[in-house]
Every structure is written in C-alpha cells, then in structure tokens.
$ cat run_38.pdb   # PDB, C-alpha atoms
MODEL        1
ATOM      1  CA  MET J  91     123.394 -35.937  72.885  1.00  0.00           C
ATOM      2  CA  LEU J  92     124.159 -33.314  75.484  1.00  0.00           C
ATOM      3  CA  ILE J  93     123.026 -29.745  74.853  1.00  0.00           C
ATOM      4  CA  THR J  94     124.681 -26.778  76.509  1.00  0.00           C
ATOM      5  CA  THR J  95     121.963 -24.826  78.259  1.00  0.00           C
ATOM      6  CA  THR J  96     121.512 -22.101  80.814  1.00  0.00           C
ATOM      7  CA  LYS J  97     121.027 -24.920  83.318  1.00  0.00           C
ATOM      8  CA  GLY J  98     124.173 -26.776  82.350  1.00  0.00           C
ATOM      9  CA  ASP J  99     124.511 -29.667  79.935  1.00  0.00           C
ATOM     10  CA  MET J 100     121.192 -31.461  79.452  1.00  0.00           C
ATOM     11  CA  GLU J 101     120.131 -34.521  77.502  1.00  0.00           C
ATOM     12  CA  GLU J 102     118.469 -33.475  74.251  1.00  0.00           C
ATOM     13  CA  SER J 103     115.613 -35.919  74.916  1.00  0.00           C
ATOM     14  CA  LEU J 104     114.565 -33.819  77.908  1.00  0.00           C
ATOM     15  CA  LEU J 105     114.219 -30.690  75.820  1.00  0.00           C
ATOM     16  CA  GLU J 106     111.768 -29.348  73.266  1.00  0.00           C
ATOM     17  CA  LYS J 107     113.593 -28.506  70.050  1.00  0.00           C
ATOM     18  CA  ARG J 108     112.461 -25.698  67.776  1.00  0.00           C
ATOM     19  CA  GLU J 109     114.161 -24.827  64.489  1.00  0.00           C
ATOM     20  CA  GLY J 110     113.715 -22.191  61.862  1.00  0.00           C
ATOM     21  CA  SER J 111     115.299 -20.568  58.874  1.00  0.00           C
ATOM     22  CA  VAL J 112     115.269 -17.369  56.858  1.00  0.00           C
ATOM     23  CA  ASP J 113     116.324 -17.281  53.223  1.00  0.00           C
ATOM     24  CA  ASN J 114     116.211 -13.977  51.397  1.00  0.00           C
ATOM     25  CA  ASP J 115     118.388 -11.834  49.148  1.00  0.00           C
ATOM     26  CA  ASN J 116     120.545 -10.742  52.072  1.00  0.00           C
ATOM     27  CA  GLU J 117     121.138 -13.876  54.079  1.00  0.00           C
ATOM     28  CA  MET J 118     120.536 -17.547  54.667  1.00  0.00           C
ATOM     29  CA  THR J 119     119.982 -18.054  58.377  1.00  0.00           C
ATOM     30  CA  THR J 120     119.178 -21.112  60.413  1.00  0.00           C
ATOM     31  CA  TRP J 121     118.547 -21.217  64.129  1.00  0.00           C
ATOM     32  CA  VAL J 122     117.844 -23.842  66.728  1.00  0.00           C
ATOM     33  CA  GLU J 123     116.274 -23.409  70.140  1.00  0.00           C
ATOM     34  CA  TYR J 124     115.888 -25.800  73.048  1.00  0.00           C
ATOM     35  CA  TRP J 125     113.166 -25.200  75.622  1.00  0.00           C
ATOM     36  CA  HIS J 126     112.776 -26.773  79.054  1.00  0.00           C
ATOM     37  CA  GLU J 127     109.539 -26.455  80.978  1.00  0.00           C
ATOM     38  CA  GLY J 128     108.543 -23.403  78.954  1.00  0.00           C
ATOM     39  CA  GLU J 129     111.894 -21.667  79.321  1.00  0.00           C
ATOM     40  CA  LEU J 130     114.371 -20.981  76.529  1.00  0.00           C
ATOM     41  CA  VAL J 131     117.603 -22.615  77.648  1.00  0.00           C
ATOM     42  CA  HIS J 132     119.616 -22.677  74.415  1.00  0.00           C
ATOM     43  CA  ARG J 133     119.593 -20.730  71.161  1.00  0.00           C
ATOM     44  CA  SER J 134     122.188 -20.842  68.397  1.00  0.00           C
ATOM     45  CA  ALA J 135     122.122 -19.171  64.994  1.00  0.00           C
ATOM     46  CA  HIS J 136     124.058 -19.565  61.772  1.00  0.00           C
ATOM     47  CA  VAL J 137     124.025 -16.694  59.281  1.00  0.00           C
ATOM     48  CA  THR J 138     125.448 -16.863  55.767  1.00  0.00           C
ATOM     49  CA  LEU J 139     125.722 -13.458  54.160  1.00  0.00           C
ATOM     50  CA  LYS J 140     124.674 -13.175  50.526  1.00  0.00           C
ATOM     51  CA  GLN J 141     124.938  -9.473  49.799  1.00  0.00           C
ATOM     52  CA  PRO J 142     128.511  -8.339  49.273  1.00  0.00           C
ATOM     53  CA  VAL J 143     129.498  -4.784  49.996  1.00  0.00           C
ATOM     54  CA  THR J 144     130.319  -3.340  46.611  1.00  0.00           C
ATOM     55  CA  PHE J 145     131.992  -0.076  45.798  1.00  0.00           C
ATOM     56  CA  GLY J 146     131.688   1.169  42.262  1.00  0.00           C
ATOM     57  CA  ASP J 147     128.415  -0.163  40.947  1.00  0.00           C
ATOM     58  CA  GLY J 148     126.888   2.525  38.806  1.00  0.00           C
ATOM     59  CA  VAL J 149     129.820   4.918  38.997  1.00  0.00           C
ATOM     60  CA  ALA J 150     131.823   3.613  36.069  1.00  0.00           C
ATOM     61  CA  ALA J 151     131.165   6.752  34.073  1.00  0.00           C
ATOM     62  CA  ALA J 152     132.398   8.964  36.862  1.00  0.00           C
ATOM     63  CA  LEU J 153     135.544   6.985  37.519  1.00  0.00           C
ATOM     64  CA  GLY J 154     136.331   5.598  34.119  1.00  0.00           C
TER      65      GLY J 154
ATOM     66  CA  MET O 247     139.926   2.667  35.847  1.00  0.00           C
ATOM     67  CA  CYS O 248     142.377  -0.221  35.897  1.00  0.00           C
ATOM     68  CA  THR O 249     141.119  -3.235  37.779  1.00  0.00           C
ATOM     69  CA  THR O 250     144.455  -3.992  39.379  1.00  0.00           C
ATOM     70  CA  PHE O 251     144.382  -0.508  40.886  1.00  0.00           C
ATOM     71  CA  MET O 252     141.358  -1.498  42.936  1.00  0.00           C
ATOM     72  CA  LYS O 253     143.130  -4.590  44.182  1.00  0.00           C
ATOM     73  CA  GLU O 254     146.146  -2.467  45.043  1.00  0.00           C
ATOM     74  CA  LEU O 255     143.897  -0.188  47.061  1.00  0.00           C
ATOM     75  CA  MET O 256     142.985  -3.221  49.135  1.00  0.00           C
ATOM     76  CA  LEU O 257     146.679  -3.926  49.547  1.00  0.00           C
ATOM     77  CA  GLY O 258     147.433  -0.346  50.575  1.00  0.00           C
ATOM     78  CA  GLN O 259     149.845   0.196  47.732  1.00  0.00           C
ATOM     79  CA  HIS O 260     148.531   3.634  46.787  1.00  0.00           C
ATOM     80  CA  GLN O 261     148.263   6.721  48.938  1.00  0.00           C
ATOM     81  CA  PHE O 262     147.042  10.042  47.504  1.00  0.00           C
ATOM     82  CA  GLY O 263     147.562  13.375  49.174  1.00  0.00           C
ATOM     83  CA  THR O 264     148.895  13.608  52.685  1.00  0.00           C
ATOM     84  CA  SER O 265     149.079  10.161  54.159  1.00  0.00           C
ATOM     85  CA  THR O 266     147.539   9.640  57.554  1.00  0.00           C
ATOM     86  CA  LEU O 267     148.185   5.937  57.679  1.00  0.00           C
ATOM     87  CA  THR O 268     150.651   4.526  60.158  1.00  0.00           C
ATOM     88  CA  SER O 269     153.853   3.698  58.324  1.00  0.00           C
ATOM     89  CA  ARG O 270     154.722   0.068  57.845  1.00  0.00           C
ATOM     90  CA  THR O 271     157.626  -1.051  59.962  1.00  0.00           C
ATOM     91  CA  SER O 272     159.641  -2.016  56.917  1.00  0.00           C
ATOM     92  CA  LEU O 273     159.215  -1.283  53.227  1.00  0.00           C
ATOM     93  CA  THR O 274     161.125  -4.443  52.309  1.00  0.00           C
ATOM     94  CA  ALA O 275     159.289  -6.701  54.749  1.00  0.00           C
ATOM     95  CA  PRO O 276     156.025  -4.921  55.491  1.00  0.00           C
ATOM     96  CA  THR O 277     153.733  -6.222  58.163  1.00  0.00           C
ATOM     97  CA  THR O 278     150.171  -7.147  57.403  1.00  0.00           C
ATOM     98  CA  ASP O 279     147.309  -5.412  59.091  1.00  0.00           C
ATOM     99  CA  THR O 280     145.043  -7.086  61.596  1.00  0.00           C
ATOM    100  CA  PHE O 281     141.353  -6.889  60.823  1.00  0.00           C
ATOM    101  CA  LYS O 282     138.697  -7.474  63.443  1.00  0.00           C
ATOM    102  CA  ALA O 283     134.939  -8.086  63.452  1.00  0.00           C
ATOM    103  CA  ALA O 284     132.733  -6.489  66.093  1.00  0.00           C
ATOM    104  CA  MET O 285     129.000  -7.046  66.503  1.00  0.00           C
ATOM    105  CA  TYR O 286     126.412  -4.381  67.277  1.00  0.00           C
ATOM    106  CA  PHE O 287     122.991  -4.253  68.861  1.00  0.00           C
ATOM    107  CA  VAL O 288     119.981  -3.390  66.703  1.00  0.00           C
ATOM    108  CA  SER O 289     119.797  -0.061  68.523  1.00  0.00           C
ATOM    109  CA  ALA O 290     123.288   0.964  67.423  1.00  0.00           C
ATOM    110  CA  THR O 291     123.937   3.413  64.623  1.00  0.00           C
ATOM    111  CA  ILE O 292     126.356   1.478  62.481  1.00  0.00           C
ATOM    112  CA  ASN O 293     126.315   1.928  58.724  1.00  0.00           C
ATOM    113  CA  ALA O 294     128.257   3.111  55.702  1.00  0.00           C
ATOM    114  CA  SER O 295     128.919   6.411  57.463  1.00  0.00           C
ATOM    115  CA  THR O 296     130.853   4.669  60.216  1.00  0.00           C
ATOM    116  CA  THR O 297     134.505   5.692  60.069  1.00  0.00           C
ATOM    117  CA  ALA O 298     136.050   3.628  62.845  1.00  0.00           C
ATOM    118  CA  TYR O 299     135.324   1.009  65.452  1.00  0.00           C
ATOM    119  CA  SER O 300     133.443   2.279  68.478  1.00  0.00           C
ATOM    120  CA  ALA O 301     132.353   0.477  71.613  1.00  0.00           C
ATOM    121  CA  THR O 302     129.115   2.476  71.566  1.00  0.00           C
ATOM    122  CA  GLY O 303     126.316   0.094  70.728  1.00  0.00           C
ATOM    123  CA  GLU O 304     128.645  -2.900  70.581  1.00  0.00           C
ATOM    124  CA  VAL O 305     127.153  -6.087  71.958  1.00  0.00           C
ATOM    125  CA  THR O 306     127.902  -7.079  75.524  1.00  0.00           C
ATOM    126  CA  ASN O 307     127.464 -10.423  77.208  1.00  0.00           C
ATOM    127  CA  THR O 308     124.193 -10.903  79.033  1.00  0.00           C
ATOM    128  CA  SER O 309     126.088 -13.537  80.972  1.00  0.00           C
ATOM    129  CA  GLY O 310     129.365 -15.358  80.561  1.00  0.00           C
ATOM    130  CA  THR O 311     132.359 -14.239  78.554  1.00  0.00           C
ATOM    131  CA  GLY O 312     131.591 -15.484  75.050  1.00  0.00           C
ATOM    132  CA  TYR O 313     131.987 -12.068  73.486  1.00  0.00           C
ATOM    133  CA  THR O 314     135.105  -9.958  73.927  1.00  0.00           C
ATOM    134  CA  ALA O 315     134.908  -6.192  73.452  1.00  0.00           C
ATOM    135  CA  GLY O 316     136.388  -5.290  70.092  1.00  0.00           C
ATOM    136  CA  GLY O 317     135.245  -8.539  68.548  1.00  0.00           C
ATOM    137  CA  LEU O 318     137.310 -11.349  67.086  1.00  0.00           C
ATOM    138  CA  THR O 319     140.311 -11.306  64.797  1.00  0.00           C
ATOM    139  CA  VAL O 320     139.423 -11.897  61.170  1.00  0.00           C
ATOM    140  CA  THR O 321     141.383 -14.660  59.484  1.00  0.00           C
ATOM    141  CA  ASN O 322     143.141 -12.748  56.758  1.00  0.00           C
ATOM    142  CA  ALA O 323     144.975 -15.441  54.847  1.00  0.00           C
ATOM    143  CA  THR O 324     143.518 -14.782  51.410  1.00  0.00           C
ATOM    144  CA  ALA O 325     144.976 -12.013  49.274  1.00  0.00           C
ATOM    145  CA  PRO O 326     142.629  -9.754  47.314  1.00  0.00           C
ATOM    146  CA  LEU O 327     142.046 -10.863  43.746  1.00  0.00           C
ATOM    147  CA  SER O 328     140.959  -9.035  40.622  1.00  0.00           C
ATOM    148  CA  THR O 329     139.659  -9.963  37.210  1.00  0.00           C
ATOM    149  CA  ASN O 330     138.419  -8.209  34.114  1.00  0.00           C
ATOM    150  CA  THR O 331     134.940  -9.086  32.953  1.00  0.00           C
ATOM    151  CA  THR O 332     135.337  -7.049  29.759  1.00  0.00           C
ATOM    152  CA  ALA O 333     137.983  -4.765  28.314  1.00  0.00           C
ATOM    153  CA  THR O 334     136.479  -1.857  30.237  1.00  0.00           C
ATOM    154  CA  ALA O 335     135.066  -3.492  33.317  1.00  0.00           C
ATOM    155  CA  GLY O 336     136.417  -5.518  36.162  1.00  0.00           C
ATOM    156  CA  VAL O 337     136.174  -6.311  39.802  1.00  0.00           C
ATOM    157  CA  ALA O 338     138.541  -6.714  42.721  1.00  0.00           C
ATOM    158  CA  TYR O 339     137.362  -8.724  45.658  1.00  0.00           C
ATOM    159  CA  TRP O 340     138.271 -10.179  49.039  1.00  0.00           C
ATOM    160  CA  THR O 341     136.652 -12.456  51.567  1.00  0.00           C
ATOM    161  CA  PRO O 342     137.959 -13.486  54.984  1.00  0.00           C
ATOM    162  CA  SER O 343     139.334 -16.988  54.811  1.00  0.00           C
ATOM    163  CA  ALA O 344     137.334 -18.272  57.779  1.00  0.00           C
ATOM    164  CA  SER O 345     133.881 -17.757  59.205  1.00  0.00           C
ATOM    165  CA  PHE O 346     133.306 -15.669  62.326  1.00  0.00           C
ATOM    166  CA  VAL O 347     132.330 -17.928  65.205  1.00  0.00           C
ATOM    167  CA  TRP O 348     131.430 -17.003  68.763  1.00  0.00           C
ATOM    168  CA  THR O 349     130.857 -19.911  71.135  1.00  0.00           C
ATOM    169  CA  ALA O 350     129.518 -20.226  74.693  1.00  0.00           C
ATOM    170  CA  LEU O 351     127.627 -17.027  73.954  1.00  0.00           C
ATOM    171  CA  THR O 352     124.664 -15.457  75.713  1.00  0.00           C
ATOM    172  CA  ILE O 353     123.407 -12.175  74.290  1.00  0.00           C
ATOM    173  CA  THR O 354     119.700 -11.761  74.852  1.00  0.00           C
ATOM    174  CA  THR O 355     119.447  -8.227  73.472  1.00  0.00           C
ATOM    175  CA  ALA O 356     118.931  -8.346  69.710  1.00  0.00           C
ATOM    176  CA  PHE O 357     121.911  -7.666  67.469  1.00  0.00           C
ATOM    177  CA  ASP O 358     121.954  -7.398  63.699  1.00  0.00           C
ATOM    178  CA  SER O 359     125.245  -6.160  62.331  1.00  0.00           C
ATOM    179  CA  VAL O 360     128.961  -6.715  62.232  1.00  0.00           C
ATOM    180  CA  LEU O 361     131.669  -4.148  61.572  1.00  0.00           C
ATOM    181  CA  ILE O 362     134.936  -5.195  59.982  1.00  0.00           C
ATOM    182  CA  TYR O 363     137.710  -2.792  60.856  1.00  0.00           C
ATOM    183  CA  ASN O 364     141.467  -2.449  60.665  1.00  0.00           C
ATOM    184  CA  SER O 365     142.808  -2.589  64.197  1.00  0.00           C
ATOM    185  CA  THR O 366     146.338  -1.903  62.974  1.00  0.00           C
ATOM    186  CA  GLN O 367     145.337   1.351  61.310  1.00  0.00           C
ATOM    187  CA  SER O 368     143.628   3.208  64.146  1.00  0.00           C
ATOM    188  CA  ASN O 369     140.584   0.927  63.998  1.00  0.00           C
ATOM    189  CA  LYS O 370     139.495   2.389  60.658  1.00  0.00           C
ATOM    190  CA  ALA O 371     136.199   0.984  59.442  1.00  0.00           C
ATOM    191  CA  VAL O 372     136.171  -1.293  56.404  1.00  0.00           C
ATOM    192  CA  SER O 373     132.586  -2.477  56.013  1.00  0.00           C
ATOM    193  CA  VAL O 374     129.316  -3.068  57.802  1.00  0.00           C
ATOM    194  CA  HIS O 375     127.221  -6.170  57.192  1.00  0.00           C
ATOM    195  CA  THR O 376     123.681  -6.518  58.462  1.00  0.00           C
ATOM    196  CA  PHE O 377     121.418  -9.516  58.943  1.00  0.00           C
ATOM    197  CA  GLY O 378     118.119 -10.323  60.575  1.00  0.00           C
ATOM    198  CA  SER O 379     118.208  -9.596  64.297  1.00  0.00           C
ATOM    199  CA  GLN O 380     119.407 -12.433  66.504  1.00  0.00           C
ATOM    200  CA  THR O 381     119.746 -13.383  70.134  1.00  0.00           C
ATOM    201  CA  ILE O 382     121.882 -16.206  71.440  1.00  0.00           C
ATOM    202  CA  THR O 383     121.359 -18.199  74.637  1.00  0.00           C
ATOM    203  CA  SER O 384     124.133 -20.525  75.814  1.00  0.00           C
ATOM    204  CA  GLY O 385     124.856 -21.150  72.184  1.00  0.00           C
ATOM    205  CA  THR O 386     126.968 -20.432  69.133  1.00  0.00           C
ATOM    206  CA  PHE O 387     126.690 -17.618  66.633  1.00  0.00           C
ATOM    207  CA  THR O 388     128.305 -18.293  63.276  1.00  0.00           C
ATOM    208  CA  LEU O 389     128.658 -15.794  60.473  1.00  0.00           C
ATOM    209  CA  THR O 390     129.626 -17.823  57.439  1.00  0.00           C
ATOM    210  CA  MET O 391     131.514 -16.082  54.692  1.00  0.00           C
ATOM    211  CA  PRO O 392     130.222 -16.135  51.113  1.00  0.00           C
ATOM    212  CA  ALA O 393     132.193 -17.677  48.270  1.00  0.00           C
ATOM    213  CA  ASN O 394     135.276 -15.655  47.422  1.00  0.00           C
ATOM    214  CA  ASP O 395     134.434 -14.967  43.793  1.00  0.00           C
ATOM    215  CA  THR O 396     133.633 -12.001  41.593  1.00  0.00           C
ATOM    216  CA  THR O 397     129.927 -11.893  42.406  1.00  0.00           C
ATOM    217  CA  ASN O 398     129.713 -13.136  45.985  1.00  0.00           C
ATOM    218  CA  ALA O 399     132.869 -12.003  47.777  1.00  0.00           C
ATOM    219  CA  LEU O 400     132.322 -10.072  50.968  1.00  0.00           C
ATOM    220  CA  LEU O 401     134.087  -6.945  49.665  1.00  0.00           C
ATOM    221  CA  ARG O 402     133.961  -5.970  46.012  1.00  0.00           C
ATOM    222  CA  LEU O 403     135.398  -2.993  44.171  1.00  0.00           C
ATOM    223  CA  SER O 404     133.812  -2.840  40.755  1.00  0.00           C
ATOM    224  CA  THR O 405     134.045  -0.633  37.701  1.00  0.00           C
ATOM    225  CA  THR O 406     130.581  -1.614  36.545  1.00  0.00           C
TER     226      THR O 406
ENDMDL
END
$ encode --input "run_38.pdb" --output "structure tokens"
Amino acid sequence: MLITTTKGDMEESLLEKREGSVDNDNEMTTWVEYWHEGELVHRSAHVTLKQPVTFGDGVAAALG
Amino acid sequence: MCTTFMKELMLGQHQFGTSTLTSRTSLTAPTTDTFKAAMYFVSATINASTTAYSATGEVTNTSGTGYTAGGLTVTNATAPLSTNTTATAGVAYWTPSASFVWTALTITTAFDSVLIYNSTQSNKAVSVHTFGSQTITSGTFTLTMPANDTTNALLRLSTT
C-alpha cells in the first residue's frame, strides 16, 4: 500500500508505523504516524467528539 | 419553556428586540444559512466568549494547500429536532450531517479547536469544540460528528 508522505508516495513496507489513541470523556481520537529513517513523514488523526455543547443545563428554574 | 421554542431558535423563527440579522431574501421561500468550520491553533483564544469568526489564531498550512482560510462548509442537511423527556423538560438538538474532513494536510503547529459559525449571518459564532492538540503531516484530519440524538448531538438546547 502506498502512503502519502512528505517525500511523495512511499511503500508502507519501507516505513515504520506508529499508532495511538486517546479515549476520554471529551473525545475518542486515533492517530497514525509513518516514520522514515527517523523522520516523521506522515501523520493523520481522527477525532470523534463526545461532549456536546449544551445550553440550558442547570438553568431550568431561571427560564422555566 | 416550550421545547419547540428552542428548536425554532435554531431555525431562526424568533427574533426579540431590534433585529440585527440580515433579512432573508424571501419570506415565502427563505434561503438557508451556510455554516462553516474553522480550526484554531492551541495558542488562539477561542471559547464560549467568541462572537464571530476571526482569522486571528486560525490554523495555516505549514506547506501545501490542504487548509483554506475560513475553514470548510458544514454539511447542513439535517433539520434541528426536539423532544420532551418529561412534561416539563425537553431538549432540542442538531448535528451536522457529515464529518469535517481535511485531506492532503500539513499543519505542524498544534491545533486543538474548531469554531462553527454562520457565514451567511456576518460570520456569527455558533459553537466552539475542543479536543486534544494535534498536528498533521501529509495526512488527513477527520472530525467525526457524534450521534444526532438527545444526549450526544453536537448542539443541544435543554430545559434541564
């Protein structure tokens, strides 16, 4: 598989792949990095938001 | 407060006091507003006090053209919904109908927030969403929307 990198498209087998994730109350995030000869040449991230922006919590008495 | 009123706020069907909103082009066939999503560096001051889109602190490409100033257009195909959870409590909610995706992106200065704003109405701010700081190198940044339901929707107006 070809990976888009700062050095152009490169075969994945030539690269070191690093992955990680964060899962907390605010977000679920995954990321993937590809390194070539000690240099970061690709990084993508995928964030899923968990915390909605809510107006009104706790103000029912004031508004109701 | 009536739950449908909150939904109608999202639809712009109520205006109190002196209106400062740009008039719709037609009351019988009103146009919909265009919402956009702009990303901001960690160093930017972008929060609930933000009143409108600003280029100050907005992310810029380290290289390439993956990010366009002003951000991307939010897919706004889903109408706001509302539901009552009890006789005295309810929630109105809305979520963009597609994720925000930037491709062929290189931003090596950390960013951690996105501002949704109404580009039709003088770029008025709608909401700010923060996440753990990120950098992208020749890659893709995807901000996936939560489920569009009463507890998870991106924007919620609640009486409880």
$ atom_distance --input "run_38.pdb" --atom1 "CA of Trp125 in chain J" --atom2 "CA of Ser384 in chain O"
11.9 Å
$ closest_residue --input "run_38.pdb" --among "O:Ala325, O:Thr249, O:His260, O:Ile353" --to "Trp340 in chain O" --atoms "only C-alpha atoms"
O:Ala325
$ residues_around --input "run_38.pdb" --residues "Ile362 in chain O" --least-positions-apart "2" --cutoff "7 Å" --atoms "only C-alpha atoms" --output "MDAnalysis selection string"
chainID O and resid 281:284 360 371:374
$ closest_residue --input "run_38.pdb" --among "J:Gln141, J:Thr120, J:Asn114, J:His126" --to "Glu102 in chain J" --atoms "all atoms listed in the file"
J:His126
$ resolve_selection --input "run_38.pdb" --expression "the ChimeraX specification (/J :<9) & /O" --output "ChimeraX atom specification"
/O:247-248,334-335,339,350-352,373-378,380-392,397-406
$ resolve_selection --input "run_38.pdb" --expression "the PyMOL selection byres ((chain O and resi 298) around 10)" --output "ChimeraX atom specification"
/O:292,295-297,299-300,361-365,367-373
$ write_last_selection --input "run_38.pdb" --atoms "C-alpha atoms" --output "mmCIF file, in the coordinates of the input"
data_model
loop_
_atom_site.group_PDB
_atom_site.id
_atom_site.type_symbol
_atom_site.label_atom_id
_atom_site.label_comp_id
_atom_site.auth_asym_id
_atom_site.auth_seq_id
_atom_site.Cartn_x
_atom_site.Cartn_y
_atom_site.Cartn_z
ATOM 1 C CA ILE O 292 126.356 1.478 62.481
ATOM 2 C CA SER O 295 128.919 6.411 57.463
ATOM 3 C CA THR O 296 130.853 4.669 60.216
ATOM 4 C CA THR O 297 134.505 5.692 60.069
ATOM 5 C CA TYR O 299 135.324 1.009 65.452
ATOM 6 C CA SER O 300 133.443 2.279 68.478
ATOM 7 C CA LEU O 361 131.669 -4.148 61.572
ATOM 8 C CA ILE O 362 134.936 -5.195 59.982
ATOM 9 C CA TYR O 363 137.710 -2.792 60.856
ATOM 10 C CA ASN O 364 141.467 -2.449 60.665
ATOM 11 C CA SER O 365 142.808 -2.589 64.197
ATOM 12 C CA GLN O 367 145.337 1.351 61.310
ATOM 13 C CA SER O 368 143.628 3.208 64.146
ATOM 14 C CA ASN O 369 140.584 0.927 63.998
ATOM 15 C CA LYS O 370 139.495 2.389 60.658
ATOM 16 C CA ALA O 371 136.199 0.984 59.442
ATOM 17 C CA VAL O 372 136.171 -1.293 56.404
ATOM 18 C CA SER O 373 132.586 -2.477 56.013
#
$ axis_aligned_box --input "run_38.pdb" --around "range 368-371 of chain O" --padding-each-side "4 Å" --output "JSON"
{"center_x": 139.9, "center_y": 2.1, "center_z": 61.8, "size_x": 15.4, "size_y": 10.3, "size_z": 12.7}
$ atom_distance --input "run_38.pdb" --atom1 "CA of Tyr313 in chain O" --atom2 "CA of Ser111 in chain J"
23.8 Å
$ atom_distance --input "run_38.pdb" --atom1 "CA of Glu127 in chain J" --atom2 "CA of Met91 in chain J"
18.6 Å
$ residues_near_point --input "run_38.pdb" --point "(123.5, -7.4, 72.2)" --cutoff "8 Å" --atoms "all atoms listed in the file" --output "mmCIF file with C-alpha atoms, in the coordinates of the input"
data_model
loop_
_atom_site.group_PDB
_atom_site.id
_atom_site.type_symbol
_atom_site.label_atom_id
_atom_site.label_comp_id
_atom_site.auth_asym_id
_atom_site.auth_seq_id
_atom_site.Cartn_x
_atom_site.Cartn_y
_atom_site.Cartn_z
ATOM 1 C CA MET O 285 129.000 -7.046 66.503
ATOM 2 C CA TYR O 286 126.412 -4.381 67.277
ATOM 3 C CA PHE O 287 122.991 -4.253 68.861
ATOM 4 C CA VAL O 288 119.981 -3.390 66.703
ATOM 5 C CA GLU O 304 128.645 -2.900 70.581
ATOM 6 C CA VAL O 305 127.153 -6.087 71.958
ATOM 7 C CA THR O 306 127.902 -7.079 75.524
ATOM 8 C CA ASN O 307 127.464 -10.423 77.208
ATOM 9 C CA THR O 308 124.193 -10.903 79.033
ATOM 10 C CA ILE O 353 123.407 -12.175 74.290
ATOM 11 C CA THR O 354 119.700 -11.761 74.852
ATOM 12 C CA THR O 355 119.447 -8.227 73.472
ATOM 13 C CA ALA O 356 118.931 -8.346 69.710
ATOM 14 C CA PHE O 357 121.911 -7.666 67.469
ATOM 15 C CA THR O 381 119.746 -13.383 70.134
#
$ resolve_selection --input "run_38.pdb" --expression "the PyMOL selection byres ((chain O and resi 343) around 8)" --output "mmCIF file with C-alpha atoms, in the frame of the given file"
data_model
loop_
_atom_site.group_PDB
_atom_site.id
_atom_site.type_symbol
_atom_site.label_atom_id
_atom_site.label_comp_id
_atom_site.auth_asym_id
_atom_site.auth_seq_id
_atom_site.Cartn_x
_atom_site.Cartn_y
_atom_site.Cartn_z
ATOM 1 C CA THR O 321 141.383 -14.660 59.484
ATOM 2 C CA ASN O 322 143.141 -12.748 56.758
ATOM 3 C CA ALA O 323 144.975 -15.441 54.847
ATOM 4 C CA THR O 324 143.518 -14.782 51.410
ATOM 5 C CA THR O 341 136.652 -12.456 51.567
ATOM 6 C CA PRO O 342 137.959 -13.486 54.984
ATOM 7 C CA ALA O 344 137.334 -18.272 57.779
ATOM 8 C CA SER O 345 133.881 -17.757 59.205
ATOM 9 C CA MET O 391 131.514 -16.082 54.692
#
$ closest_residue --input "run_38.pdb" --among "O:Thr349, O:Gln259, O:Thr396, O:Thr250" --to "Thr314 in chain O" --atoms "all atoms listed in the file"
O:Thr349
